[in-house]
file work16.cif (mmCIF, C-alpha atoms)
data_my_file
#
loop_
_atom_site.label_atom_id
_atom_site.label_comp_id
_atom_site.auth_asym_id
_atom_site.auth_seq_id
_atom_site.Cartn_x
_atom_site.Cartn_y
_atom_site.Cartn_z
CA MET A 141 41.57 -21.31 110.75
CA SER A 142 44.70 -23.43 111.15
CA SER A 143 45.26 -22.00 114.63
CA GLN A 144 41.69 -22.74 115.67
CA MET A 145 42.07 -26.31 114.40
CA LEU A 146 45.13 -26.67 116.66
CA GLN A 147 43.07 -25.31 119.54
CA ILE A 148 40.38 -27.92 118.90
CA ASP A 149 43.03 -30.66 118.77
CA ASN A 150 44.39 -29.49 122.13
CA ILE A 151 40.92 -29.44 123.71
CA SER A 152 40.25 -32.92 122.32
CA ASN A 153 43.45 -34.18 123.93
CA ASN A 154 42.40 -32.71 127.29
CA LEU A 155 38.98 -34.36 127.06
CA ALA A 156 40.53 -37.68 126.00
CA ASN A 157 42.66 -37.66 129.18
CA VAL A 158 39.90 -36.70 131.60
CA ASN A 159 40.35 -40.07 133.36
CA THR A 160 44.14 -40.30 133.00
CA THR A 161 45.88 -40.53 136.37
CA GLY A 162 48.01 -37.47 137.13
CA PHE A 163 47.26 -35.76 133.80
CA LYS A 164 47.67 -31.97 133.70
CA ARG A 165 45.51 -30.09 131.23
CA GLU A 166 47.15 -28.08 128.46
CA ARG A 167 46.44 -24.59 127.17
CA ILE A 168 47.58 -23.07 123.86
CA GLU A 169 48.99 -19.54 123.87
CA PHE A 170 48.34 -17.40 120.79
CA LYS A 171 50.14 -14.32 119.47
CA SER A 172 49.02 -11.88 116.78
CA LEU A 173 50.87 -11.85 113.46
CA LEU A 174 52.46 -8.88 111.66
CA TYR A 175 50.58 -5.62 111.30
CA GLU A 176 50.40 -3.57 108.12
CA THR A 177 50.79 0.11 108.96
CA MET A 178 48.76 2.15 106.49
CA LYS A 179 49.15 5.48 108.31
CA ARG A 180 51.31 6.29 111.28
CA ALA A 181 50.37 8.53 114.15
CA ASP A 182 51.82 12.00 113.53
CA LEU A 183 50.62 14.75 115.84
CA ASP A 184 51.83 18.38 115.63
CA PRO A 185 51.02 19.95 119.02
CA VAL A 186 51.91 23.45 117.79
CA ASN A 187 49.50 23.61 114.84
CA MET A 188 47.08 21.13 116.41
CA THR A 189 47.13 18.93 113.30
CA GLY A 190 47.93 15.31 112.51
CA ARG A 191 46.71 11.88 113.56
CA PRO A 192 46.68 10.86 117.23
CA VAL A 193 46.37 7.13 116.41
CA ASN A 194 47.86 4.65 113.96
CA LEU A 195 45.95 3.03 111.11
CA GLN A 196 47.08 -0.61 111.21
CA VAL A 197 45.57 -3.85 109.96
CA GLY A 198 46.46 -7.22 111.51
CA HIS A 199 47.18 -10.35 109.50
CA GLY A 200 45.92 -13.12 111.73
CA VAL A 201 47.15 -15.23 114.62
CA ARG A 202 49.62 -18.00 115.27
CA PRO A 203 50.15 -20.45 118.16
CA MET A 204 53.27 -19.78 120.21
CA ALA A 205 53.34 -22.34 123.01
CA VAL A 206 51.43 -25.08 124.79
CA SER A 207 51.57 -24.64 128.55
CA ARG A 208 50.45 -27.14 131.16
CA ILE A 209 48.36 -26.18 134.16
CA PHE A 210 50.08 -27.93 137.09
CA MET A 211 47.16 -27.51 139.45
CA GLN A 212 46.54 -30.24 142.00
CA GLY A 213 44.08 -32.81 140.69
CA PRO A 214 41.36 -34.38 142.86
CA LEU A 215 42.37 -37.36 144.98
CA GLN A 216 40.42 -40.58 144.48
CA ARG A 217 40.40 -43.34 147.07
CA THR A 218 41.25 -46.80 145.71
CA ASP A 219 42.16 -48.78 148.89
CA ASN A 220 44.97 -50.36 146.85
CA HIS A 221 48.13 -50.37 148.96
CA THR A 222 50.39 -49.78 145.97
CA ASP A 223 48.43 -46.77 144.70
CA ILE A 224 50.24 -43.62 145.81
CA ALA A 225 49.19 -39.99 145.43
CA ILE A 226 51.29 -36.86 145.86
CA GLU A 227 49.69 -33.87 147.53
CA GLY A 228 51.93 -30.96 146.61
CA ASP A 229 54.39 -30.09 143.84
CA GLY A 230 56.51 -33.24 144.00
CA TRP A 231 57.31 -35.84 141.34
CA PHE A 232 58.22 -39.53 141.52
CA ARG A 233 61.46 -40.53 139.83
CA VAL A 234 61.46 -43.67 137.67
CA ARG A 235 64.09 -45.45 135.59
CA SER A 236 63.41 -46.80 132.12
CA ASN A 237 64.68 -50.08 130.72
CA PHE A 238 67.44 -48.12 128.91
CA GLY A 239 68.74 -46.47 132.09
CA GLU A 240 67.08 -43.09 131.48
CA TYR A 241 65.40 -41.28 134.34
CA PHE A 242 61.91 -39.79 134.08
CA PHE A 243 59.47 -38.11 136.41
CA THR A 244 55.78 -38.79 136.89
CA ARG A 245 52.75 -37.93 139.02
CA ASP A 246 51.06 -41.23 138.14
CA GLY A 247 51.10 -43.36 141.28
CA THR A 248 49.48 -46.54 139.92
CA PHE A 249 52.39 -48.70 141.00
CA LYS A 250 52.69 -52.48 140.89
CA LEU A 251 54.86 -55.09 142.64
CA MET A 252 56.93 -56.79 139.94
CA PRO A 253 58.73 -60.09 140.73
CA ALA A 254 62.52 -60.06 140.34
CA GLU A 255 64.93 -62.93 139.66
CA ASP A 256 66.13 -63.12 143.27
CA GLY A 257 62.59 -63.60 144.58
CA THR A 258 62.09 -60.03 145.74
CA LEU A 259 59.36 -57.68 144.55
CA ILE A 260 60.21 -54.41 142.79
CA LEU A 261 57.89 -51.42 142.99
CA ALA A 262 57.37 -50.31 139.38
CA THR A 263 54.99 -48.51 137.04
CA SER A 264 52.51 -50.31 134.80
CA GLU A 265 55.18 -50.32 132.06
CA GLY A 266 57.67 -52.03 134.39
CA TYR A 267 59.81 -48.98 135.14
CA PRO A 268 61.26 -49.20 138.69
CA ILE A 269 60.57 -46.43 141.21
CA MET A 270 63.67 -44.84 142.70
CA SER A 271 64.37 -44.34 146.40
CA THR A 272 66.29 -41.59 148.19
CA ASP A 273 69.52 -43.60 148.08
CA GLY A 274 69.29 -43.87 144.28
CA GLU A 275 68.35 -47.53 144.34
CA VAL A 276 65.31 -49.49 143.21
CA ILE A 277 62.67 -50.03 145.90
CA GLU A 278 62.69 -53.78 146.64
CA ILE A 279 60.24 -55.57 148.88
CA PRO A 280 60.95 -59.06 150.33
CA GLY A 281 58.97 -61.72 148.53
CA ASP A 282 57.28 -62.98 151.71
CA ILE A 283 55.62 -59.58 152.37
CA SER A 284 52.25 -58.92 150.75
CA ALA A 285 51.11 -55.52 149.51
CA ARG A 286 48.48 -55.17 152.26
CA ASP A 287 51.21 -55.44 154.92
CA ILE A 288 53.15 -52.48 153.50
CA SER A 289 52.66 -49.11 155.17
CA ILE A 290 53.90 -45.81 153.73
CA ASP A 291 53.81 -42.65 155.84
CA ASP A 292 53.37 -39.03 154.76
CA PHE A 293 57.09 -38.68 154.00
CA GLY A 294 57.22 -41.78 151.79
CA VAL A 295 59.01 -44.05 154.28
CA PHE A 296 58.30 -47.78 153.78
CA ARG A 297 57.40 -50.04 156.69
CA TYR A 298 55.68 -53.39 157.06
CA VAL A 299 53.61 -55.10 159.73
CA ASP A 300 54.38 -58.72 160.61
CA ARG A 301 51.86 -61.33 161.70
CA PHE A 302 52.32 -60.31 165.34
CA GLY A 303 51.35 -56.71 164.58
CA GLU A 304 54.86 -55.31 165.00
CA MET A 305 56.06 -52.65 162.55
CA PHE A 306 59.50 -52.78 160.94
CA ASP A 307 61.34 -50.32 158.70
CA LEU A 308 62.12 -51.58 155.18
CA GLY A 309 64.90 -49.04 154.69
CA TYR A 310 63.37 -47.26 151.67
CA GLN A 311 61.85 -43.84 151.09
CA PHE A 312 60.33 -42.34 147.95
CA ALA A 313 62.67 -39.93 146.18
CA ILE A 314 60.42 -36.91 145.58
CA TYR A 315 61.64 -34.05 143.41
CA GLN A 316 60.43 -30.60 142.39
CA PHE A 317 61.34 -28.23 139.55
CA SER A 318 61.79 -24.48 139.48
CA ASN A 319 59.99 -24.33 136.11
CA PRO A 320 57.79 -27.40 135.60
CA GLN A 321 56.52 -25.79 132.37
CA GLY A 322 59.91 -26.64 130.87
CA LEU A 323 59.49 -30.40 131.38
CA GLU A 324 59.29 -32.41 128.16
CA ALA A 325 56.38 -34.85 127.93
CA GLN A 326 57.43 -38.35 126.81
CA GLY A 327 54.03 -40.06 126.84
CA GLN A 328 52.95 -42.79 129.27
CA ASN A 329 52.54 -40.05 131.93
CA LEU A 330 56.32 -39.54 131.97
CA PHE A 331 58.26 -36.29 131.78
CA MET A 332 61.94 -35.60 131.17
CA GLU A 333 64.10 -32.96 132.78
CA THR A 334 65.35 -30.22 130.42
CA ILE A 335 67.48 -27.10 130.62
CA ALA A 336 64.30 -25.01 130.66
CA SER A 337 62.85 -26.91 133.64
CA GLY A 338 66.03 -26.59 135.65
CA PRO A 339 67.63 -29.42 137.62
CA ALA A 340 65.52 -31.71 139.77
CA LEU A 341 65.41 -30.46 143.38
CA ALA A 342 65.30 -33.23 145.98
CA GLU A 343 62.75 -32.65 148.73
CA TYR A 344 64.40 -35.17 151.05
CA GLU A 345 67.65 -33.15 150.96
CA GLY A 346 65.96 -29.88 151.88
CA GLU A 347 66.40 -28.27 148.45
CA THR A 348 62.76 -27.11 148.33
CA ALA A 349 60.78 -24.75 150.52
CA ARG A 350 57.69 -26.96 150.62
CA ILE A 351 57.49 -30.68 151.24
CA SER A 352 54.92 -32.81 149.44
CA ARG A 353 52.70 -35.25 151.26
CA ILE A 354 52.55 -38.92 150.26
CA ILE A 355 49.12 -40.56 150.55
CA GLN A 356 48.81 -44.35 150.31
CA GLY A 357 45.67 -45.91 148.86
CA TYR A 358 44.79 -42.84 146.76
CA LEU A 359 45.44 -41.63 143.21
CA GLU A 360 45.63 -38.12 141.85
CA MET A 361 43.16 -37.87 138.98
CA SER A 362 43.27 -35.55 135.96
CA ASN A 363 42.71 -31.84 136.64
CA VAL A 364 40.71 -31.42 133.41
CA GLN A 365 37.37 -29.67 133.95
CA VAL A 366 34.93 -31.11 131.40
CA ALA A 367 32.50 -28.16 131.53
CA GLU A 368 35.32 -25.66 130.96
CA GLU A 369 36.72 -27.66 128.06
CA MET A 370 33.30 -27.91 126.43
CA VAL A 371 32.90 -24.13 126.61
CA ASN A 372 36.36 -23.68 125.08
CA LEU A 373 35.43 -26.16 122.34
CA ILE A 374 32.32 -24.15 121.44
CA VAL A 375 34.32 -20.91 121.33
CA ALA A 376 37.02 -22.49 119.11
CA GLN A 377 34.37 -23.94 116.78
CA ARG A 378 32.59 -20.59 116.48
CA ALA A 379 35.89 -18.83 115.79
CA PHE A 380 36.67 -21.36 113.06
CA ASP A 381 33.22 -20.86 111.50
CA LEU A 382 33.57 -17.07 111.58
CA ASN A 383 36.99 -17.20 109.93
CA SER A 384 35.56 -19.44 107.23
CA ARG A 385 32.66 -17.03 106.77
CA ALA A 386 35.08 -14.10 106.50
CA ILE A 387 36.94 -15.81 103.64
CA THR A 388 33.67 -16.54 101.83
CA THR A 389 32.43 -12.98 102.33
CA SER A 390 35.70 -11.50 101.09
CA ASP A 391 35.56 -13.69 97.98
CA GLU A 392 31.99 -12.60 97.26
CA MET A 393 32.91 -8.91 97.64
CA LEU A 394 35.86 -9.26 95.23
CA GLN A 395 33.63 -11.09 92.76
CA THR A 396 31.08 -8.24 92.94
CA ALA A 397 33.81 -5.66 92.37
CA ASN A 398 35.06 -7.54 89.31
CA ASN A 399 31.56 -7.70 87.86
CA LEU A 400 31.25 -3.89 87.96
CA LYS A 401 33.42 -3.68 84.82
CA ARG A 402 30.92 -5.60 82.71
#
call {"tool": "encode", "arguments": {"input": "work16.cif", "output": "structure tokens"}}
result
Amino acid sequence: MSSQMLQIDNISNNLANVNTTGFKRERIEFKSLLYETMKRADLDPVNMTGRPVNLQVGHGVRPMAVSRIFMQGPLQRTDNHTDIAIEGDGWFRVRSNFGEYFFTRDGTFKLMPAEDGTLILATSEGYPIMSTDGEVIEIPGDISARDISIDDFGVFRYVDRFGEMFDLGYQFAIYQFSNPQGLEAQGQNLFMETIASGPALAEYEGETARISRIIQGYLEMSNVQVAEEMVNLIVAQRAFDLNSRAITTSDEMLQTANNLKR
């Protein structure tokens, strides 16, 4: 019953994030508990006697892991020039206010004013987005967001009032991981690199076999399927009810057995 409650909590979290940008749905993995062996298989082929199968009784289930399904989510058009979607396995790299580096698929970026008059591309929490040279992406203050153009490789350009295009000298630093299941979720759509995930592999340095595509004016939405989650919720609820019924039935049977002495 405790395991099924955890399953319901996990499904509830998936449903709660159905509109969260870049969210990847989670799935709980269960393993059976210890088995009590009442009789072992013991077959004598000479005398044709013995038991060909074991007599074992299981003692329940326990959750072992929560895995994320890193399937590409649907792309939604926003026409906002600072909304960026990744088509592929790549991740944006961001820097927190404490100098830590995180990775995200959430491309709802904003232009944040800096002290020198420039604009810094950052997340909604104010975390700067990193470029391929390891620096913060800075936009001159006299350039508006609608004049910024970003190509499929994440290279920044802008169009002046005469229609001429100029290179801003920045490119998104996109990374991949050998085992994205090993990433540690930090909340706020941010993930941290761990030993299990392996080191971040830079796409722009040719460390990955496939290159992600950067799409401006779009956002990657959650890959949660509401219909599938509702079916899983019904199954988990029925499993919880049946386990509860099994406990009640067992208690009634023991009570009947005790009353036989009277």
call {"tool": "resolve_selection", "arguments": {"input": "work16.cif", "expression": "the PyMOL selection byres ((chain A and resi 353) around 6)", "output": "list in words"}}
result
Ile226, Glu227, Asp292, Ser352 and Ile354 of chain A
call {"tool": "residues_around", "arguments": {"input": "work16.cif", "residues": "Tyr241 of chain A", "least_positions_apart": "2", "cutoff": "10 Å", "atoms": "only C-alpha atoms", "output": "ChimeraX atom specification"}}
result
/A:233-239,243,267-270,330-333
call {"tool": "resolve_selection", "arguments": {"input": "work16.cif", "expression": "the PyMOL selection byres ((chain A and resi 382-390) around 12)", "output": "short mmCIF file (atom, residue, chain, number, x, y, z; two decimals) with C-alpha atoms, in the frame of the given file"}}
result
data_model
loop_
_atom_site.label_atom_id
_atom_site.label_comp_id
_atom_site.auth_asym_id
_atom_site.auth_seq_id
_atom_site.Cartn_x
_atom_site.Cartn_y
_atom_site.Cartn_z
CA MET A 141 41.57 -21.31 110.75
CA SER A 142 44.70 -23.43 111.15
CA SER A 143 45.26 -22.00 114.63
CA GLN A 144 41.69 -22.74 115.67
CA MET A 145 42.07 -26.31 114.40
CA GLY A 200 45.92 -13.12 111.73
CA VAL A 201 47.15 -15.23 114.62
CA VAL A 375 34.32 -20.91 121.33
CA ALA A 376 37.02 -22.49 119.11
CA GLN A 377 34.37 -23.94 116.78
CA ARG A 378 32.59 -20.59 116.48
CA ALA A 379 35.89 -18.83 115.79
CA PHE A 380 36.67 -21.36 113.06
CA ASP A 381 33.22 -20.86 111.50
CA ASP A 391 35.56 -13.69 97.98
CA GLU A 392 31.99 -12.60 97.26
CA MET A 393 32.91 -8.91 97.64
CA LEU A 394 35.86 -9.26 95.23
CA GLN A 395 33.63 -11.09 92.76
CA THR A 396 31.08 -8.24 92.94
CA ALA A 397 33.81 -5.66 92.37
#
call {"tool": "closest_residue", "arguments": {"input": "work16.cif", "among": "A:Ala340, A:Asp149, A:Gly322, A:Arg301", "to": "Leu373 of chain A", "atoms": "all atoms listed in the file"}}
result
A:Asp149
call {"tool": "closest_atom_pairs", "arguments": {"input": "work16.cif", "of": "segment 243-331 of chain A", "to": "segment 162-177 of chain A", "cutoff": "12 Å", "atoms": "only C-alpha atoms", "output": "CSV"}}
result
residue,atom,partner,partner_atom,distance
A:Phe243,CA,A:Gly162,CA,11.5
A:Thr244,CA,A:Gly162,CA,7.9
A:Arg245,CA,A:Gly162,CA,5.1
A:Asp246,CA,A:Gly162,CA,4.9
A:Gly247,CA,A:Gly162,CA,7.8
A:Thr248,CA,A:Gly162,CA,9.6
A:Pro320,CA,A:Lys164,CA,11.3
A:Gln321,CA,A:Glu166,CA,10.4
A:Ala325,CA,A:Lys164,CA,10.8
A:Gly327,CA,A:Phe163,CA,10.6
A:Gln328,CA,A:Phe163,CA,10.1
A:Asn329,CA,A:Phe163,CA,7.1
A:Leu330,CA,A:Phe163,CA,10.0
A:Phe331,CA,A:Phe163,CA,11.2
call {"tool": "residues_near_point", "arguments": {"input": "work16.cif", "point": "(61.7, -23.0, 136.9)", "cutoff": "9 Å", "atoms": "all atoms listed in the file", "output": "list in words"}}
result
Phe317, Ser318, Asn319, Pro320, Gln321, Gly322, Ala336, Ser337, Gly338 and Pro339 of chain A
call {"tool": "closest_residue", "arguments": {"input": "work16.cif", "among": "A:Gln356, A:Thr258, A:Thr272, A:Ser362", "to": "Ile224 of chain A", "atoms": "only C-alpha atoms"}}
result
A:Gln356
